[in-house]
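Shown here: start.txt, compact mmCIF, N, CA and C atoms.
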```txt
# COMPACT_ATOMS: atom_id res chain seq x y z
N MET A 1 -20.38 -23.98 -11.31
CA MET A 1 -19.13 -24.00 -12.05
C MET A 1 -19.32 -23.49 -13.48
N THR A 2 -20.55 -23.52 -13.97
CA THR A 2 -20.80 -23.06 -15.34
C THR A 2 -20.48 -21.58 -15.49
N CYS A 3 -20.87 -20.77 -14.51
CA CYS A 3 -20.58 -19.34 -14.57
C CYS A 3 -19.08 -19.08 -14.47
N LEU A 4 -18.39 -19.91 -13.70
CA LEU A 4 -16.93 -19.78 -13.61
C LEU A 4 -16.29 -20.09 -14.96
N ALA A 5 -16.74 -21.16 -15.60
CA ALA A 5 -16.20 -21.51 -16.92
C ALA A 5 -16.52 -20.43 -17.94
N ALA A 6 -17.73 -19.90 -17.91
CA ALA A 6 -18.10 -18.84 -18.85
C ALA A 6 -17.27 -17.58 -18.61
N SER A 7 -17.00 -17.28 -17.34
CA SER A 7 -16.16 -16.13 -17.02
C SER A 7 -14.74 -16.33 -17.54
N ALA A 8 -14.25 -17.56 -17.45
CA ALA A 8 -12.91 -17.87 -17.98
C ALA A 8 -12.89 -17.71 -19.50
N VAL A 9 -13.95 -18.12 -20.16
CA VAL A 9 -14.04 -17.94 -21.62
C VAL A 9 -14.03 -16.46 -21.96
N LEU A 10 -14.77 -15.66 -21.21
CA LEU A 10 -14.76 -14.21 -21.43
C LEU A 10 -13.34 -13.67 -21.27
N CYS A 11 -12.64 -14.15 -20.26
CA CYS A 11 -11.27 -13.71 -20.01
C CYS A 11 -10.34 -14.07 -21.17
N LEU A 12 -10.58 -15.22 -21.77
CA LEU A 12 -9.78 -15.64 -22.93
C LEU A 12 -10.18 -14.90 -24.20
N ALA A 13 -11.44 -14.49 -24.29
CA ALA A 13 -11.94 -13.85 -25.50
C ALA A 13 -11.56 -12.37 -25.60
N LEU A 14 -11.50 -11.68 -24.48
CA LEU A 14 -11.22 -10.24 -24.51
C LEU A 14 -9.93 -9.90 -25.27
N PRO A 15 -8.82 -10.61 -25.04
CA PRO A 15 -7.62 -10.26 -25.79
C PRO A 15 -7.77 -10.44 -27.30
N LEU A 16 -8.58 -11.37 -27.71
CA LEU A 16 -8.79 -11.56 -29.16
C LEU A 16 -9.37 -10.30 -29.78
N VAL A 17 -10.22 -9.62 -29.04
CA VAL A 17 -10.85 -8.40 -29.54
C VAL A 17 -9.88 -7.23 -29.47
N TYR A 18 -9.30 -6.98 -28.29
CA TYR A 18 -8.48 -5.77 -28.18
C TYR A 18 -7.15 -5.89 -28.90
N VAL A 19 -6.59 -7.08 -29.03
CA VAL A 19 -5.34 -7.22 -29.79
C VAL A 19 -5.59 -6.97 -31.27
N ALA A 20 -6.73 -7.42 -31.78
CA ALA A 20 -7.07 -7.12 -33.18
C ALA A 20 -7.18 -5.62 -33.40
N MET A 21 -7.77 -4.92 -32.44
CA MET A 21 -7.87 -3.45 -32.54
C MET A 21 -6.49 -2.82 -32.45
N TYR A 22 -5.68 -3.32 -31.56
CA TYR A 22 -4.32 -2.79 -31.38
C TYR A 22 -3.49 -3.02 -32.64
N GLN A 23 -3.66 -4.18 -33.27
CA GLN A 23 -2.92 -4.48 -34.49
C GLN A 23 -3.24 -3.46 -35.58
N LYS A 24 -4.47 -3.02 -35.65
CA LYS A 24 -4.84 -1.99 -36.63
C LYS A 24 -4.12 -0.67 -36.35
N GLN A 25 -3.79 -0.45 -35.08
CA GLN A 25 -3.11 0.79 -34.71
C GLN A 25 -1.62 0.75 -35.03
N VAL A 26 -0.98 -0.40 -34.78
CA VAL A 26 0.48 -0.45 -34.87
C VAL A 26 1.03 -1.43 -35.90
N GLY A 27 0.17 -2.29 -36.44
CA GLY A 27 0.61 -3.26 -37.44
C GLY A 27 0.99 -4.61 -36.84
N PHE A 28 0.97 -5.61 -37.70
CA PHE A 28 1.25 -6.97 -37.27
C PHE A 28 2.67 -7.17 -36.73
N PRO A 29 3.70 -6.60 -37.37
CA PRO A 29 5.06 -6.81 -36.85
C PRO A 29 5.22 -6.36 -35.39
N VAL A 30 4.57 -5.25 -35.04
CA VAL A 30 4.67 -4.76 -33.66
C VAL A 30 3.93 -5.70 -32.71
N VAL A 31 2.72 -6.10 -33.09
CA VAL A 31 1.91 -6.97 -32.23
C VAL A 31 2.57 -8.33 -32.06
N SER A 32 3.20 -8.83 -33.10
CA SER A 32 3.81 -10.16 -33.02
C SER A 32 5.23 -10.12 -32.45
N GLY A 33 5.75 -8.92 -32.23
CA GLY A 33 7.09 -8.78 -31.66
C GLY A 33 7.05 -8.79 -30.15
N ASN A 34 8.19 -8.38 -29.54
CA ASN A 34 8.27 -8.40 -28.08
C ASN A 34 7.69 -7.14 -27.44
N ARG A 35 7.33 -6.17 -28.22
CA ARG A 35 6.62 -4.95 -27.80
C ARG A 35 7.40 -4.08 -26.81
N GLU A 36 8.70 -4.25 -26.72
CA GLU A 36 9.47 -3.45 -25.77
C GLU A 36 9.40 -1.96 -26.07
N ASP A 37 9.45 -1.60 -27.32
CA ASP A 37 9.42 -0.19 -27.69
C ASP A 37 8.11 0.21 -28.36
N ALA A 38 7.12 -0.65 -28.28
CA ALA A 38 5.84 -0.39 -28.94
C ALA A 38 5.02 0.62 -28.14
N PRO A 39 4.31 1.49 -28.84
CA PRO A 39 3.41 2.38 -28.12
C PRO A 39 2.26 1.58 -27.52
N GLY A 40 1.71 2.07 -26.45
CA GLY A 40 0.58 1.39 -25.82
C GLY A 40 -0.68 1.53 -26.66
N PRO A 41 -1.62 0.63 -26.48
CA PRO A 41 -2.88 0.72 -27.21
C PRO A 41 -3.68 1.94 -26.75
N THR A 42 -4.41 2.53 -27.68
CA THR A 42 -5.24 3.69 -27.37
C THR A 42 -6.68 3.39 -27.75
N GLY A 43 -7.56 4.27 -27.34
CA GLY A 43 -8.96 4.13 -27.70
C GLY A 43 -9.56 2.84 -27.17
N ALA A 44 -10.40 2.21 -27.98
CA ALA A 44 -11.08 0.98 -27.58
C ALA A 44 -10.09 -0.15 -27.28
N ALA A 45 -8.97 -0.18 -27.99
CA ALA A 45 -7.97 -1.22 -27.73
C ALA A 45 -7.38 -1.06 -26.33
N GLY A 46 -7.09 0.16 -25.94
CA GLY A 46 -6.58 0.41 -24.59
C GLY A 46 -7.62 0.12 -23.52
N ARG A 47 -8.86 0.51 -23.81
CA ARG A 47 -9.93 0.21 -22.85
C ARG A 47 -10.14 -1.30 -22.74
N GLY A 48 -10.01 -2.01 -23.86
CA GLY A 48 -10.15 -3.46 -23.84
C GLY A 48 -9.07 -4.11 -22.99
N LEU A 49 -7.85 -3.62 -23.13
CA LEU A 49 -6.75 -4.14 -22.30
C LEU A 49 -7.04 -3.92 -20.82
N ARG A 50 -7.51 -2.72 -20.49
CA ARG A 50 -7.82 -2.42 -19.08
C ARG A 50 -9.01 -3.25 -18.59
N ALA A 51 -10.00 -3.48 -19.45
CA ALA A 51 -11.14 -4.33 -19.07
C ALA A 51 -10.66 -5.75 -18.77
N HIS A 52 -9.73 -6.23 -19.59
CA HIS A 52 -9.19 -7.57 -19.40
C HIS A 52 -8.42 -7.67 -18.08
N ARG A 53 -7.59 -6.70 -17.82
CA ARG A 53 -6.83 -6.70 -16.56
C ARG A 53 -7.78 -6.65 -15.35
N ASN A 54 -8.82 -5.83 -15.47
CA ASN A 54 -9.78 -5.72 -14.39
C ASN A 54 -10.52 -7.04 -14.18
N LEU A 55 -10.86 -7.71 -15.28
CA LEU A 55 -11.52 -9.00 -15.16
C LEU A 55 -10.62 -10.02 -14.46
N ILE A 56 -9.35 -10.04 -14.82
CA ILE A 56 -8.42 -10.97 -14.17
C ILE A 56 -8.37 -10.71 -12.67
N GLU A 57 -8.29 -9.43 -12.29
CA GLU A 57 -8.23 -9.07 -10.87
C GLU A 57 -9.48 -9.52 -10.12
N ASN A 58 -10.63 -9.51 -10.79
CA ASN A 58 -11.87 -9.89 -10.13
C ASN A 58 -12.22 -11.36 -10.29
N LEU A 59 -11.66 -11.98 -11.31
CA LEU A 59 -11.92 -13.40 -11.54
C LEU A 59 -11.25 -14.28 -10.47
N VAL A 60 -10.11 -13.85 -9.97
CA VAL A 60 -9.40 -14.65 -8.96
C VAL A 60 -10.24 -14.82 -7.69
N PRO A 61 -10.74 -13.74 -7.06
CA PRO A 61 -11.56 -13.96 -5.86
C PRO A 61 -12.86 -14.70 -6.16
N PHE A 62 -13.45 -14.44 -7.33
CA PHE A 62 -14.66 -15.15 -7.72
C PHE A 62 -14.39 -16.65 -7.84
N ALA A 63 -13.31 -17.01 -8.51
CA ALA A 63 -12.97 -18.42 -8.68
C ALA A 63 -12.71 -19.08 -7.33
N ILE A 64 -12.03 -18.37 -6.44
CA ILE A 64 -11.78 -18.91 -5.10
C ILE A 64 -13.10 -19.14 -4.37
N ALA A 65 -14.01 -18.18 -4.45
CA ALA A 65 -15.31 -18.31 -3.79
C ALA A 65 -16.07 -19.51 -4.33
N VAL A 66 -16.10 -19.64 -5.66
CA VAL A 66 -16.82 -20.76 -6.29
C VAL A 66 -16.21 -22.09 -5.88
N MET A 67 -14.90 -22.18 -5.94
CA MET A 67 -14.25 -23.46 -5.62
C MET A 67 -14.37 -23.81 -4.13
N LEU A 68 -14.31 -22.81 -3.26
CA LEU A 68 -14.51 -23.07 -1.84
C LEU A 68 -15.94 -23.54 -1.57
N ALA A 69 -16.90 -22.89 -2.22
CA ALA A 69 -18.30 -23.29 -2.04
C ALA A 69 -18.51 -24.72 -2.52
N ARG A 70 -17.92 -25.03 -3.65
CA ARG A 70 -18.06 -26.40 -4.17
C ARG A 70 -17.41 -27.41 -3.23
N ALA A 71 -16.22 -27.10 -2.75
CA ALA A 71 -15.50 -28.01 -1.85
C ALA A 71 -16.26 -28.21 -0.54
N ALA A 72 -16.95 -27.15 -0.11
CA ALA A 72 -17.71 -27.23 1.14
C ALA A 72 -19.10 -27.82 0.92
N GLY A 73 -19.45 -28.07 -0.32
CA GLY A 73 -20.77 -28.62 -0.62
C GLY A 73 -21.88 -27.60 -0.47
N VAL A 74 -21.53 -26.32 -0.60
CA VAL A 74 -22.52 -25.26 -0.46
C VAL A 74 -22.98 -24.81 -1.84
N SER A 75 -24.23 -25.08 -2.12
CA SER A 75 -24.85 -24.64 -3.38
C SER A 75 -26.31 -24.37 -3.08
N ASN A 76 -26.67 -23.09 -3.12
CA ASN A 76 -28.05 -22.72 -2.84
C ASN A 76 -28.45 -21.55 -3.74
N THR A 77 -29.61 -21.04 -3.51
CA THR A 77 -30.11 -19.95 -4.36
C THR A 77 -29.16 -18.76 -4.35
N MET A 78 -28.59 -18.44 -3.20
CA MET A 78 -27.70 -17.27 -3.11
C MET A 78 -26.38 -17.49 -3.84
N THR A 79 -25.84 -18.69 -3.79
CA THR A 79 -24.59 -18.93 -4.53
C THR A 79 -24.85 -18.88 -6.03
N ILE A 80 -26.00 -19.37 -6.45
CA ILE A 80 -26.34 -19.34 -7.87
C ILE A 80 -26.57 -17.90 -8.33
N ILE A 81 -27.31 -17.13 -7.52
CA ILE A 81 -27.53 -15.72 -7.86
C ILE A 81 -26.19 -14.98 -7.90
N GLY A 82 -25.33 -15.24 -6.92
CA GLY A 82 -24.02 -14.59 -6.89
C GLY A 82 -23.20 -14.88 -8.13
N ALA A 83 -23.17 -16.14 -8.53
CA ALA A 83 -22.39 -16.53 -9.72
C ALA A 83 -22.98 -15.93 -10.99
N GLU A 84 -24.30 -15.98 -11.12
CA GLU A 84 -24.94 -15.42 -12.31
C GLU A 84 -24.80 -13.90 -12.35
N LEU A 85 -24.89 -13.27 -11.18
CA LEU A 85 -24.70 -11.82 -11.11
C LEU A 85 -23.28 -11.45 -11.52
N PHE A 86 -22.30 -12.20 -11.02
CA PHE A 86 -20.91 -11.93 -11.39
C PHE A 86 -20.73 -12.01 -12.90
N LEU A 87 -21.19 -13.10 -13.50
CA LEU A 87 -21.01 -13.28 -14.94
C LEU A 87 -21.71 -12.18 -15.73
N ALA A 88 -22.95 -11.90 -15.42
CA ALA A 88 -23.68 -10.86 -16.14
C ALA A 88 -23.01 -9.50 -15.97
N ALA A 89 -22.59 -9.22 -14.75
CA ALA A 89 -21.93 -7.93 -14.47
C ALA A 89 -20.63 -7.81 -15.24
N ARG A 90 -19.86 -8.88 -15.32
CA ARG A 90 -18.58 -8.82 -16.03
C ARG A 90 -18.78 -8.68 -17.53
N LEU A 91 -19.84 -9.27 -18.06
CA LEU A 91 -20.15 -9.07 -19.49
C LEU A 91 -20.49 -7.60 -19.76
N VAL A 92 -21.36 -7.05 -18.91
CA VAL A 92 -21.73 -5.64 -19.06
C VAL A 92 -20.51 -4.76 -18.87
N HIS A 93 -19.68 -5.08 -17.88
CA HIS A 93 -18.47 -4.29 -17.61
C HIS A 93 -17.56 -4.27 -18.84
N ALA A 94 -17.32 -5.45 -19.43
CA ALA A 94 -16.43 -5.52 -20.59
C ALA A 94 -16.98 -4.72 -21.76
N ILE A 95 -18.25 -4.88 -22.04
CA ILE A 95 -18.86 -4.18 -23.18
C ILE A 95 -18.83 -2.67 -22.96
N THR A 96 -19.22 -2.23 -21.78
CA THR A 96 -19.25 -0.78 -21.53
C THR A 96 -17.84 -0.20 -21.43
N TYR A 97 -16.88 -1.00 -20.99
CA TYR A 97 -15.50 -0.51 -20.95
C TYR A 97 -14.99 -0.30 -22.38
N PHE A 98 -15.22 -1.28 -23.25
CA PHE A 98 -14.82 -1.14 -24.66
C PHE A 98 -15.45 0.10 -25.28
N LEU A 99 -16.72 0.33 -24.97
CA LEU A 99 -17.46 1.45 -25.56
C LEU A 99 -17.19 2.78 -24.87
N GLY A 100 -16.53 2.75 -23.72
CA GLY A 100 -16.20 3.98 -23.00
C GLY A 100 -17.37 4.56 -22.21
N ILE A 101 -18.31 3.71 -21.79
CA ILE A 101 -19.47 4.15 -21.02
C ILE A 101 -19.14 3.98 -19.55
N THR A 102 -18.86 5.09 -18.87
CA THR A 102 -18.31 4.98 -17.51
C THR A 102 -19.34 4.71 -16.42
N GLY A 103 -20.47 5.33 -16.41
CA GLY A 103 -21.43 5.16 -15.32
C GLY A 103 -21.91 3.73 -15.19
N ILE A 104 -22.35 3.14 -16.28
CA ILE A 104 -22.84 1.77 -16.27
C ILE A 104 -21.69 0.82 -15.96
N ARG A 105 -20.51 1.13 -16.49
CA ARG A 105 -19.34 0.28 -16.23
C ARG A 105 -19.05 0.20 -14.74
N THR A 106 -19.11 1.32 -14.05
CA THR A 106 -18.85 1.34 -12.62
C THR A 106 -19.90 0.54 -11.85
N LEU A 107 -21.16 0.69 -12.23
CA LEU A 107 -22.22 -0.10 -11.58
C LEU A 107 -22.01 -1.59 -11.83
N ALA A 108 -21.60 -1.94 -13.04
CA ALA A 108 -21.35 -3.35 -13.36
C ALA A 108 -20.19 -3.89 -12.53
N TYR A 109 -19.17 -3.09 -12.34
CA TYR A 109 -18.04 -3.51 -11.51
C TYR A 109 -18.53 -3.87 -10.11
N PHE A 110 -19.29 -2.95 -9.50
CA PHE A 110 -19.77 -3.19 -8.14
C PHE A 110 -20.75 -4.36 -8.08
N ALA A 111 -21.55 -4.56 -9.11
CA ALA A 111 -22.45 -5.71 -9.15
C ALA A 111 -21.65 -7.01 -9.14
N GLY A 112 -20.54 -7.04 -9.86
CA GLY A 112 -19.68 -8.22 -9.85
C GLY A 112 -19.09 -8.50 -8.48
N VAL A 113 -18.69 -7.44 -7.79
CA VAL A 113 -18.15 -7.58 -6.43
C VAL A 113 -19.24 -8.12 -5.50
N VAL A 114 -20.45 -7.62 -5.65
CA VAL A 114 -21.57 -8.11 -4.84
C VAL A 114 -21.82 -9.59 -5.12
N GLY A 115 -21.76 -9.97 -6.39
CA GLY A 115 -21.95 -11.39 -6.73
C GLY A 115 -20.94 -12.28 -6.03
N THR A 116 -19.69 -11.87 -6.04
CA THR A 116 -18.64 -12.64 -5.35
C THR A 116 -18.90 -12.67 -3.85
N ALA A 117 -19.28 -11.53 -3.29
CA ALA A 117 -19.54 -11.45 -1.86
C ALA A 117 -20.70 -12.35 -1.45
N LEU A 118 -21.72 -12.44 -2.30
CA LEU A 118 -22.86 -13.32 -1.99
C LEU A 118 -22.41 -14.77 -1.81
N ILE A 119 -21.48 -15.19 -2.64
CA ILE A 119 -20.98 -16.56 -2.53
C ILE A 119 -20.17 -16.73 -1.25
N PHE A 120 -19.27 -15.79 -0.99
CA PHE A 120 -18.47 -15.87 0.24
C PHE A 120 -19.35 -15.87 1.49
N LEU A 121 -20.42 -15.08 1.48
CA LEU A 121 -21.30 -15.01 2.64
C LEU A 121 -21.97 -16.34 2.95
N GLN A 122 -22.16 -17.16 1.93
CA GLN A 122 -22.76 -18.47 2.14
C GLN A 122 -21.81 -19.45 2.80
N LEU A 123 -20.55 -19.09 2.86
CA LEU A 123 -19.56 -19.95 3.48
C LEU A 123 -19.38 -19.67 4.97
N LEU A 124 -20.02 -18.64 5.46
CA LEU A 124 -19.89 -18.28 6.88
C LEU A 124 -20.70 -19.22 7.77
```

Step by step, read the file and then write its structure as structure tokens.
Amino acid sequence: MTCLAASAVLCLALPLVYVAMYQKQVGFPVVSGNREDAPGPTGAAGRGLRAHRNLIENLVPFAIAVMLARAAGVSNTMTIIGAELFLAARLVHAITYFLGITGIRTLAYFAGVVGTALIFLQLL
């Protein structure tokens, strides 16, 4: 559950970074408003937003896998490796997405998927 909690903290932290970058682009009134007519974030701020969305999409299946494993009483080396792999991969994914490094980012994405799959496989 520690890796799940840390992943949730990462999910909460990413907007703090990319919204601060976005605010520099458009100003506080736009960021604090309803943003209906606001331009979208660009550069690192836009990549940060996309990294956050991608994390949310991948955090849901990971959280389900972790909670199912816990409910089933399944905790072994593979579930631990899967959870740690997911967390490490998502950290690398977020950092490389912000920096615009595509090759490593893609590998990190797939590593996170493998981490989640390792946990699900232990439930079979």

In Å and to one decimal, atom CA of Gly46 of chain A is distant from atom CA of Thr2 of chain A by 29.0 Å

Contact residues around Pro39 of chain A with all atoms listed in the file at 8 Å, ignoring same-chain residues under 3 positions, as number ranges by chain: A: 26, 30, 35-36, 42

Residue list (helix (DSSP H, G or I), DSSP) for chain A, as a PyMOL selection string: chain A and resi 2-26+28-32+43-72+77-99+102-121

Item to complete: Considering only N, CA and C atoms, return as an MDAnalysis selection string whatever protein or nucleic-acid residues lie within 7 Å of Ala117 of chain A, sequence-local ones (same chain, fewer than 5 positions apart) excluded.
Response: chainID A and resid 82 112 122

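The spacing separating atom CA of Asn54 of chain A from atom CA of Val66 of chain A amounts to 18.5 Å.
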
**Request:** Pull the neighbourhood of (-21.8, -15.6, -13.0) for me: all residues within 12 Å in file coordinates, counting only C-alpha atoms, as a PyMOL selection string.
**Result:** chain A and resi 1-10+58-59+62-63+65-66+78-92+111-116+118-119

Using only C-alpha atoms, which residues sit within 12 Å of Phe98 of chain A once same-chain residues fewer than 4 positions away are excluded, as a short mmCIF file (atom, residue, chain, number, x, y, z; two decimals) with N, CA and C atoms, in the coordinates of the input?
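Printed below is selection-v9.cif as written:
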```
data_model
loop_
_atom_site.label_atom_id
_atom_site.label_comp_id
_atom_site.auth_asym_id
_atom_site.auth_seq_id
_atom_site.Cartn_x
_atom_site.Cartn_y
_atom_site.Cartn_z
N LEU A 14 -11.50 -11.68 -24.48
CA LEU A 14 -11.22 -10.24 -24.51
C LEU A 14 -9.93 -9.90 -25.27
N PRO A 15 -8.82 -10.61 -25.04
CA PRO A 15 -7.62 -10.26 -25.79
C PRO A 15 -7.77 -10.44 -27.30
N VAL A 17 -10.22 -9.62 -29.04
CA VAL A 17 -10.85 -8.40 -29.54
C VAL A 17 -9.88 -7.23 -29.47
N TYR A 18 -9.30 -6.98 -28.29
CA TYR A 18 -8.48 -5.77 -28.18
C TYR A 18 -7.15 -5.89 -28.90
N MET A 21 -7.77 -4.92 -32.44
CA MET A 21 -7.87 -3.45 -32.54
C MET A 21 -6.49 -2.82 -32.45
N THR A 42 -4.41 2.53 -27.68
CA THR A 42 -5.24 3.69 -27.37
C THR A 42 -6.68 3.39 -27.75
N GLY A 43 -7.56 4.27 -27.34
CA GLY A 43 -8.96 4.13 -27.70
C GLY A 43 -9.56 2.84 -27.17
N ALA A 44 -10.40 2.21 -27.98
CA ALA A 44 -11.08 0.98 -27.58
C ALA A 44 -10.09 -0.15 -27.28
N ALA A 45 -8.97 -0.18 -27.99
CA ALA A 45 -7.97 -1.22 -27.73
C ALA A 45 -7.38 -1.06 -26.33
N GLY A 46 -7.09 0.16 -25.94
CA GLY A 46 -6.58 0.41 -24.59
C GLY A 46 -7.62 0.12 -23.52
N ARG A 47 -8.86 0.51 -23.81
CA ARG A 47 -9.93 0.21 -22.85
C ARG A 47 -10.14 -1.30 -22.74
N GLY A 48 -10.01 -2.01 -23.86
CA GLY A 48 -10.15 -3.46 -23.84
C GLY A 48 -9.07 -4.11 -22.99
N LEU A 49 -7.85 -3.62 -23.13
CA LEU A 49 -6.75 -4.14 -22.30
C LEU A 49 -7.04 -3.92 -20.82
N ARG A 50 -7.51 -2.72 -20.49
CA ARG A 50 -7.82 -2.42 -19.08
C ARG A 50 -9.01 -3.25 -18.59
N ALA A 51 -10.00 -3.48 -19.45
CA ALA A 51 -11.14 -4.33 -19.07
C ALA A 51 -10.66 -5.75 -18.77
N HIS A 52 -9.73 -6.23 -19.59
CA HIS A 52 -9.19 -7.57 -19.40
C HIS A 52 -8.42 -7.67 -18.08
N LEU A 91 -19.84 -9.27 -18.06
CA LEU A 91 -20.15 -9.07 -19.49
C LEU A 91 -20.49 -7.60 -19.76
N VAL A 92 -21.36 -7.05 -18.91
CA VAL A 92 -21.73 -5.64 -19.06
C VAL A 92 -20.51 -4.76 -18.87
N HIS A 93 -19.68 -5.08 -17.88
CA HIS A 93 -18.47 -4.29 -17.61
C HIS A 93 -17.56 -4.27 -18.84
N ALA A 94 -17.32 -5.45 -19.43
CA ALA A 94 -16.43 -5.52 -20.59
C ALA A 94 -16.98 -4.72 -21.76
N THR A 102 -18.86 5.09 -18.87
CA THR A 102 -18.31 4.98 -17.51
C THR A 102 -19.34 4.71 -16.42
N ILE A 104 -22.35 3.14 -16.28
CA ILE A 104 -22.84 1.77 -16.27
C ILE A 104 -21.69 0.82 -15.96
N ARG A 105 -20.51 1.13 -16.49
CA ARG A 105 -19.34 0.28 -16.23
C ARG A 105 -19.05 0.20 -14.74
#
```

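In this model, the gap between atom CA of Val74 of chain A and atom CA of Leu121 of chain A comes to 10.8 Å.
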
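Distances from A:Cys11, A:Gly73, A:Val31, A:Leu123 to Ile56 of chain A were compared using only C-alpha atoms, and the smallest one belongs to A:Cys11.
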
3 Å per side around segment 72-88 of chain A: axis-aligned box centre and edge lengths, as JSON:
```
{"center_x": -23.5, "center_y": -19.1, "center_z": -7.5, "size_x": 19.2, "size_y": 25.1, "size_z": 23.3}
```
